[in-house]
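**Q** As input, take work_29.cif (mmCIF, C-alpha atoms):
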data_protein
#
loop_
_atom_site.label_atom_id
_atom_site.label_comp_id
_atom_site.auth_asym_id
_atom_site.auth_seq_id
_atom_site.Cartn_x
_atom_site.Cartn_y
_atom_site.Cartn_z
CA MET K 1207 -22.66 -4.63 -4.63
CA ARG K 1208 -24.30 -1.37 -5.72
CA LYS K 1209 -22.24 1.74 -5.24
CA LYS K 1210 -23.35 4.17 -2.59
CA ASP K 1211 -25.18 7.18 -4.04
CA LYS K 1212 -23.47 10.51 -3.76
CA GLN K 1213 -25.15 12.78 -1.18
CA ILE K 1214 -25.66 16.43 -2.10
CA ARG K 1215 -25.25 18.78 0.85
CA TRP K 1216 -28.30 20.93 0.16
CA TRP K 1217 -27.66 23.12 3.15
CA ARG K 1218 -24.51 24.38 1.48
CA VAL K 1219 -26.45 25.12 -1.70
CA GLY K 1220 -28.95 27.07 0.43
CA VAL K 1221 -26.22 29.03 2.18
CA TRP K 1222 -24.65 30.01 -1.12
CA THR K 1223 -28.03 31.01 -2.51
CA LEU K 1224 -28.78 33.24 0.48
CA GLY K 1225 -25.30 34.70 0.24
CA GLY K 1226 -25.87 35.57 -3.41
CA LEU K 1227 -29.23 37.10 -2.54
CA ALA K 1228 -27.65 39.27 0.18
CA ILE K 1229 -24.97 40.47 -2.20
CA GLY K 1230 -27.54 41.20 -4.91
CA LEU K 1231 -29.70 43.27 -2.54
CA PHE K 1232 -26.90 45.83 -2.28
CA SER K 1233 -27.90 46.89 -5.79
CA THR K 1234 -31.47 47.66 -4.56
CA GLN K 1235 -32.67 45.75 -7.63
CA VAL K 1236 -34.81 42.76 -6.69
CA TRP K 1237 -34.44 41.06 -10.04
CA LEU K 1238 -30.66 41.40 -9.85
CA ALA K 1239 -30.62 39.99 -6.30
CA VAL K 1240 -32.64 36.97 -7.41
CA PHE K 1241 -30.37 36.45 -10.39
CA VAL K 1242 -27.21 36.57 -8.27
CA ALA K 1243 -28.81 34.18 -5.75
CA LEU K 1244 -29.61 31.68 -8.51
CA VAL K 1245 -26.08 31.93 -9.93
CA PHE K 1246 -24.52 31.31 -6.52
CA GLY K 1247 -26.86 28.42 -5.79
CA PHE K 1248 -26.24 26.81 -9.16
CA ALA K 1249 -22.46 27.17 -8.75
CA ARG K 1250 -22.59 25.43 -5.37
CA LEU K 1251 -24.79 22.67 -6.81
CA ILE K 1252 -22.22 22.05 -9.55
CA GLY K 1253 -19.56 21.87 -6.86
CA GLU K 1254 -21.55 19.28 -4.94
CA LEU K 1255 -22.08 17.16 -8.04
CA SER K 1256 -18.35 17.24 -8.82
CA ARG K 1257 -17.42 15.86 -5.41
CA PRO K 1258 -15.86 12.36 -5.52
CA ARG K 1259 -18.27 9.47 -5.11
CA PRO K 1260 -17.88 7.54 -1.84
CA ALA K 1261 -15.97 4.30 -2.22
CA ALA K 1262 -18.13 1.23 -2.68
CA PRO K 1263 -18.03 -1.30 0.14
CA THR K 1264 -15.95 -4.36 -0.61
CA VAL K 1265 -16.86 -8.01 -0.30
CA ALA K 1266 -14.18 -10.43 0.82
CA PRO K 1267 -13.32 -13.02 -1.85
CA PRO K 1268 -13.84 -16.69 -0.92
CA LEU K 1269 -10.95 -18.42 0.82
CA THR K 1270 -9.05 -20.63 -1.63
CA ASP K 1271 -7.68 -24.05 -0.70
CA ARG K 1272 -4.12 -22.82 -1.23
CA MET K 1273 -4.52 -19.88 1.15
CA ALA K 1274 -6.39 -22.01 3.68
CA ALA K 1275 -3.44 -24.42 3.71
CA HIS K 1276 -1.02 -21.49 4.01
CA TYR K 1277 -2.85 -20.09 7.03
CA ALA K 1278 -3.04 -23.54 8.62
CA GLU K 1279 0.69 -24.08 8.13
CA SER K 1280 1.29 -20.68 9.71
CA GLY K 1281 -0.45 -21.90 12.86
CA LEU K 1282 -3.63 -19.79 12.69
CA SER K 1283 -6.86 -21.06 14.18
CA GLU K 1284 -10.17 -20.65 12.33
CA SER K 1285 -11.08 -17.56 14.34
CA GLU K 1286 -7.62 -16.07 13.75
CA ILE K 1287 -7.95 -16.75 10.03
CA ASP K 1288 -11.30 -14.92 9.94
CA LEU K 1289 -9.86 -11.93 11.82
CA PHE K 1290 -6.73 -11.85 9.68
CA ARG K 1291 -8.67 -11.98 6.41
CA GLU K 1292 -11.08 -9.27 7.58
CA THR K 1293 -8.17 -7.05 8.56
CA MET K 1294 -6.27 -7.58 5.32
CA ASP K 1295 -9.39 -7.08 3.21
CA GLN K 1296 -9.73 -3.68 4.88
CA VAL K 1297 -6.07 -2.94 4.18
CA ALA K 1298 -6.51 -3.86 0.51
CA ALA K 1299 -9.60 -1.65 0.27
CA GLN K 1300 -7.73 1.31 1.77
CA ILE K 1301 -4.80 0.85 -0.61
CA ARG K 1302 -7.20 0.80 -3.57
CA GLN K 1303 -9.00 3.84 -2.17
CA PHE K 1304 -5.78 5.82 -1.94
CA GLU K 1305 -4.74 4.82 -5.45
CA THR K 1306 -8.13 5.88 -6.80
CA ILE K 1307 -7.80 9.30 -5.16
CA GLU K 1308 -4.22 9.82 -6.30
CA ASN K 1309 -5.21 9.04 -9.88
CA ARG K 1310 -7.72 11.90 -9.70
CA VAL K 1311 -5.30 14.38 -8.09
CA PRO K 1312 -2.03 14.99 -9.99
CA LYS K 1313 -0.21 16.38 -6.95
CA LEU K 1314 -0.94 13.26 -4.90
CA LYS K 1315 0.17 11.10 -7.82
CA SER K 1316 3.43 13.02 -7.93
CA VAL K 1317 4.04 12.51 -4.20
CA ALA K 1318 3.32 8.78 -4.50
CA LEU K 1319 5.71 8.38 -7.44
CA ASN K 1320 8.50 10.35 -5.76
CA HIS K 1321 8.37 8.05 -2.74
CA ASP K 1322 7.54 4.80 -4.59
CA LEU K 1323 4.55 4.62 -2.26
CA ASP K 1324 2.28 2.33 -4.28
CA ASN K 1325 4.96 -0.34 -4.74
CA VAL K 1326 5.91 -0.21 -1.06
CA MET K 1327 2.29 -0.59 0.10
CA HIS K 1328 1.71 -3.58 -2.20
CA ALA K 1329 4.97 -5.18 -1.08
CA TYR K 1330 4.09 -4.59 2.57
CA PHE K 1331 0.67 -6.18 2.03
CA LYS K 1332 2.21 -9.28 0.43
CA ALA K 1333 4.80 -9.58 3.19
CA VAL K 1334 2.12 -9.56 5.88
CA VAL K 1335 0.04 -12.16 4.02
CA LYS K 1336 3.16 -14.32 3.69
CA THR K 1337 3.72 -14.24 7.47
CA PRO K 1338 0.25 -13.80 9.04
CA LYS K 1339 1.57 -14.52 12.53
CA GLN K 1340 3.54 -11.27 12.27
CA LEU K 1341 0.46 -9.08 11.80
CA ALA K 1342 1.06 -7.38 15.13
CA SER K 1343 4.49 -6.25 13.91
CA ALA K 1344 2.75 -4.45 11.04
CA GLY K 1345 0.18 -2.86 13.34
CA HIS K 1346 1.60 0.62 12.89
CA PHE K 1347 1.06 0.40 9.13
CA VAL K 1348 -2.30 -1.38 9.27
CA TYR K 1349 -4.01 0.61 12.02
CA GLU K 1350 -2.35 4.03 11.88
CA GLN K 1351 -0.28 4.89 8.84
CA LEU K 1352 -2.59 3.60 6.11
CA PRO K 1353 -5.83 5.08 7.57
CA ASN K 1354 -4.04 8.42 8.05
CA LEU K 1355 -2.78 8.26 4.48
CA VAL K 1356 -6.30 7.81 3.11
CA ASN K 1357 -7.73 10.47 5.44
CA ILE K 1358 -5.20 13.11 4.36
CA ALA K 1359 -5.71 12.23 0.69
CA GLN K 1360 -9.48 12.59 1.03
CA LYS K 1361 -9.21 15.98 2.71
CA TYR K 1362 -6.63 17.13 0.18
CA GLU K 1363 -8.92 16.26 -2.70
CA GLU K 1364 -11.91 17.95 -1.08
CA ILE K 1365 -10.01 21.18 -0.43
CA SER K 1366 -8.54 21.13 -3.93
CA HIS K 1367 -12.11 21.31 -5.28
CA HIS K 1368 -12.88 24.58 -3.49
CA GLU K 1369 -14.07 27.13 -6.02
CA VAL K 1370 -12.26 29.99 -4.31
CA LYS K 1371 -8.75 29.40 -2.97
CA THR K 1372 -6.87 31.82 -0.71
CA GLN K 1373 -3.21 31.79 0.25
CA ASP K 1374 -4.20 29.91 3.40
CA THR K 1375 -5.79 27.23 1.20
CA TYR K 1376 -2.59 26.75 -0.78
CA ASP K 1377 -0.55 26.69 2.42
CA VAL K 1378 -2.76 23.94 3.85
CA LEU K 1379 -2.49 21.91 0.63
CA THR K 1380 1.30 22.25 0.67
CA THR K 1381 1.43 21.15 4.31
CA ALA K 1382 -0.80 18.16 3.51
CA ALA K 1383 1.38 17.12 0.57
CA ASN K 1384 4.51 17.32 2.73
CA ALA K 1385 2.78 15.27 5.43
CA LEU K 1386 1.95 12.60 2.84
CA GLY K 1387 5.59 12.50 1.78
CA ASP K 1388 6.76 12.09 5.38
CA LEU K 1389 4.16 9.38 5.94
CA ALA K 1390 5.28 7.56 2.80
CA GLU K 1391 8.88 7.52 4.06
CA ALA K 1392 7.71 6.23 7.45
CA ILE K 1393 5.84 3.38 5.73
CA LYS K 1394 8.95 2.55 3.71
CA THR K 1395 11.07 2.44 6.88
CA ASP K 1396 8.57 0.22 8.69
CA TYR K 1397 8.39 -2.13 5.71
CA ALA K 1398 12.18 -2.50 5.68
CA ALA K 1399 12.09 -3.38 9.38
CA PHE K 1400 9.26 -5.87 8.82
CA VAL K 1401 11.15 -7.84 6.16
CA GLU K 1402 14.50 -7.62 7.95
CA ASN K 1403 14.24 -11.25 9.08
CA ASP K 1404 13.86 -12.35 5.46
CA LEU K 1405 16.97 -10.40 4.55
CA ASP K 1406 18.89 -11.98 7.43
CA ASP K 1407 17.79 -15.45 6.29
CA LEU K 1408 18.91 -14.70 2.74
CA GLU K 1409 22.30 -13.43 3.90
CA ALA K 1410 22.75 -16.58 6.02
CA SER K 1411 21.88 -18.80 3.04
CA VAL K 1412 24.34 -16.95 0.80
CA ALA K 1413 27.08 -17.22 3.42
CA LEU K 1414 26.47 -20.96 3.78
CA ALA K 1415 26.55 -21.46 0.01
CA LYS K 1416 29.86 -19.58 -0.24
CA LYS K 1417 31.35 -21.68 2.57
CA GLN K 1418 30.30 -24.91 0.87
CA MET K 1419 31.79 -23.74 -2.43
CA GLN K 1420 35.09 -22.99 -0.70
CA GLU K 1421 35.21 -26.40 0.98
CA ARG K 1422 34.35 -28.41 -2.15
CA PRO K 1423 37.81 -28.17 -3.81
CA ARG K 1424 39.48 -29.42 -0.63
CA LEU K 1425 37.12 -32.40 -0.51
CA SER K 1426 37.80 -33.34 -4.12
CA GLU K 1427 41.57 -33.11 -3.62
CA SER K 1428 41.53 -35.98 -1.12
CA THR K 1429 39.85 -39.17 -2.34
CA THR K 1430 41.43 -41.53 0.22
CA LEU K 1431 41.47 -41.74 3.95
CA PRO K 1432 44.35 -40.06 5.79
CA GLY K 1433 47.46 -42.29 5.92
CA HIS K 1434 46.44 -44.33 2.85
CA GLU K 1435 47.53 -43.85 -0.73
CA LEU K 1436 45.97 -45.33 -3.81
CA ASP K 1437 48.34 -47.90 -5.43
CA LEU K 1438 47.88 -47.49 -9.19
CA SER K 1439 50.59 -50.09 -10.05
CA ALA K 1440 48.43 -52.96 -8.81
CA VAL K 1441 45.58 -51.78 -10.99
CA LYS K 1442 47.90 -51.56 -14.01
CA GLU K 1443 49.19 -55.12 -13.51
CA GLU K 1444 45.66 -56.44 -13.23
CA MET K 1445 44.65 -54.78 -16.51
CA GLU K 1446 47.71 -56.25 -18.32
CA LYS K 1447 46.85 -59.78 -17.14
CA THR K 1448 43.33 -59.32 -18.44
CA HIS K 1449 44.57 -58.49 -21.96
CA GLU K 1450 47.08 -61.38 -22.16
#
Could you show the structure in this file as structure tokens?
**A**
Amino acid sequence: MRKKDKQIRWWRVGVWTLGGLAIGLFSTQVWLAVFVALVFGFARLIGELSRPRPAAPTVAPPLTDRMAAHYAESGLSESEIDLFRETMDQVAAQIRQFETIENRVPKLKSVALNHDLDNVMHAYFKAVVKTPKQLASAGHFVYEQLPNLVNIAQKYEEISHHEVKTQDTYDVLTTAANALGDLAEAIKTDYAAFVENDLDDLEASVALAKKQMQERPRLSESTTLPGHELDLSAVKEEMEKTHE
């Protein structure tokens, strides 16, 4: 699908041009005012062109036989499968969108690496796909945390492209970066809670295996029923008669 064209906010270019003209008029030189207006307008136009291109809409991949069987075994109806796939396609698109933004903004990349955010999001996605019936348990991540993550990243990138930055600008960027870090930790905590059942199952399997290993020597020590002993002398006599 063709990518959406980037829209230039011409009204902002006009505002900057008029602002440059007003500043230039203080010199009482018309030519200087026009020159300053053109410089301001051109600078704003460059800023508009450097804005990130809107993400291209995604198209859901066809449902494979293997995944269709997986969803059927999980107990999903056809309508539930359609809703689940639509939801998870949106989740995948948002994860890719965040990763694209972070790769353009070093500070966001640093936050993501410090909190292992990318790996956690991918693991969370796979865990939900593995257990589609548990989608509701991941609702906080799917419907709140991930959209907020992308929204903050978008605003951070936009503000970071401002030509003139004040102390307030830097303070807002710092606050946004801290918020992303807190959100990343919240996602990690929710993921751990989501896969807790898997961890419990694994611990139970390990405990069972250890118990079986401990019981095996006792089973091998006793090869006869209680109260009965194996008479090896009869076997020896039989073997001697065979060789005579």
**Q** Name the residues in contact with Val1311 in chain K at a cut-off of 10 Å, using all atoms listed in the file, excluding same-chain residues fewer than 5 positions from it; report them as number ranges by chain.
**A** K: 1305-1306, 1316, 1359, 1362-1363, 1366
**Q** Go ahead and dump the residues you just picked, C-alpha atoms, as a JSON list (two decimals), keeping the file's coordinate frame.
**A**
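Wrote again00.json, looks like this:
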[["chain", "number", "residue", "atom", "x", "y", "z"],
["K", 1305, "GLU", "CA", -4.74, 4.82, -5.45],
["K", 1306, "THR", "CA", -8.13, 5.88, -6.80],
["K", 1316, "SER", "CA", 3.43, 13.02, -7.93],
["K", 1359, "ALA", "CA", -5.71, 12.23, 0.69],
["K", 1362, "TYR", "CA", -6.63, 17.13, 0.18],
["K", 1363, "GLU", "CA", -8.92, 16.26, -2.70],
["K", 1366, "SER", "CA", -8.54, 21.13, -3.93]]
**Q** Need the shell around Ala1382 in chain K: protein/DNA/RNA residues with any atom at most 10 Å away, counting only C-alpha atoms. Skip same-chain ones fewer than 5 positions apart. Format as a PyMOL selection string?
**A** chain K and resi 1314+1358-1359+1361-1362+1376-1377+1387-1388
**Q** Give me, please, the distance in Å between CA of Asp1396 in chain K and CA of Ser1285 in chain K, quoted to one decimal.
**A** 27.1 Å
**Q** Rank nothing, just name the residue among K:Phe1290, K:Trp1216, K:Tyr1349, K:Tyr1397 nearest to Asn1325 in chain K, using only C-alpha atoms.
**A**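 For Asn1325 in chain K, the nearest of the candidates is K:Tyr1397.
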**Q** For a test of reading the model, state the distance in Å between CA of Val1348 in chain K and CA of Met1273 in chain K, rounded to one decimal.
**A**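 That distance, rounded to one decimal, is 20.3 Å.
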**Q** Select, from K:Val1221, K:Ala1329, K:Ala1390, K:Ala1342, the residue with the minimum atom-to-atom distance to Leu1355 in chain K, counting all atoms listed in the file.
**A**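 Looking only at the distances to Leu1355 in chain K, the closest residue turns out to be K:Ala1390.
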**Q** In terms of the shortest atom-to-atom distance over all atoms listed in the file, which of K:Leu1323, K:Tyr1330, K:Arg1302, K:Lys1315 is closest to Phe1347 in chain K?
**A**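 Using all atoms listed in the file, Phe1347 in chain K sits closest to K:Tyr1330.
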**Q** Give the answer as one residue: which of K:Asn1354, K:Thr1234, K:Ser1280, K:Asn1384 has the shortest atom-to-atom distance to Leu1341 in chain K, using all atoms listed in the file?
**A** K:Ser1280
**Q** Given all atoms listed in the file as the basis, pick out the residue of K:Val1317, K:Ala1344, K:Leu1282, K:Ile1229 nearest to Thr1395 in chain K.
**A**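 Checking each candidate against Thr1395 in chain K, we get K:Ala1344 as the closest.
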**Q** When you draw a straight line from CA of Thr1381 in chain K to CA of Gln1300 in chain K, how long is it in Å?
**A**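 Here the two named atoms are 22.0 Å from each other.
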**Q** Per residue of range 1270-1311 of chain K within 12 Å of range 1334-1340 of chain K, what are the shortest atom pair and its distance in Å to one decimal, counting only C-alpha atoms, with rows by chain and residue number, as CSV?
**A**
residue,atom,partner,partner_atom,distance
K:Met1273,CA,K:Val1335,CA,9.4
K:Ala1274,CA,K:Val1335,CA,11.8
K:His1276,CA,K:Lys1336,CA,8.3
K:Tyr1277,CA,K:Pro1338,CA,7.3
K:Ala1278,CA,K:Pro1338,CA,10.3
K:Glu1279,CA,K:Thr1337,CA,10.3
K:Ser1280,CA,K:Lys1339,CA,6.8
K:Gly1281,CA,K:Lys1339,CA,7.7
K:Leu1282,CA,K:Lys1339,CA,7.4
K:Ser1283,CA,K:Lys1339,CA,10.8
K:Glu1286,CA,K:Lys1339,CA,9.4
K:Ile1287,CA,K:Pro1338,CA,8.8
K:Asp1288,CA,K:Pro1338,CA,11.6
K:Leu1289,CA,K:Pro1338,CA,10.7
K:Phe1290,CA,K:Pro1338,CA,7.3
K:Arg1291,CA,K:Val1335,CA,9.0
K:Thr1293,CA,K:Val1335,CA,10.7
K:Met1294,CA,K:Val1335,CA,7.9
K:Asp1295,CA,K:Val1335,CA,10.7
K:Val1297,CA,K:Val1334,CA,10.7
K:Ala1298,CA,K:Val1335,CA,11.1
**Q** From the set K:Ala1333, K:Ile1252, K:Ala1275, K:Ala1228, which residue has the shortest atom-to-atom contact distance to Glu1402 in chain K, counting all atoms listed in the file?
**A** K:Ala1333
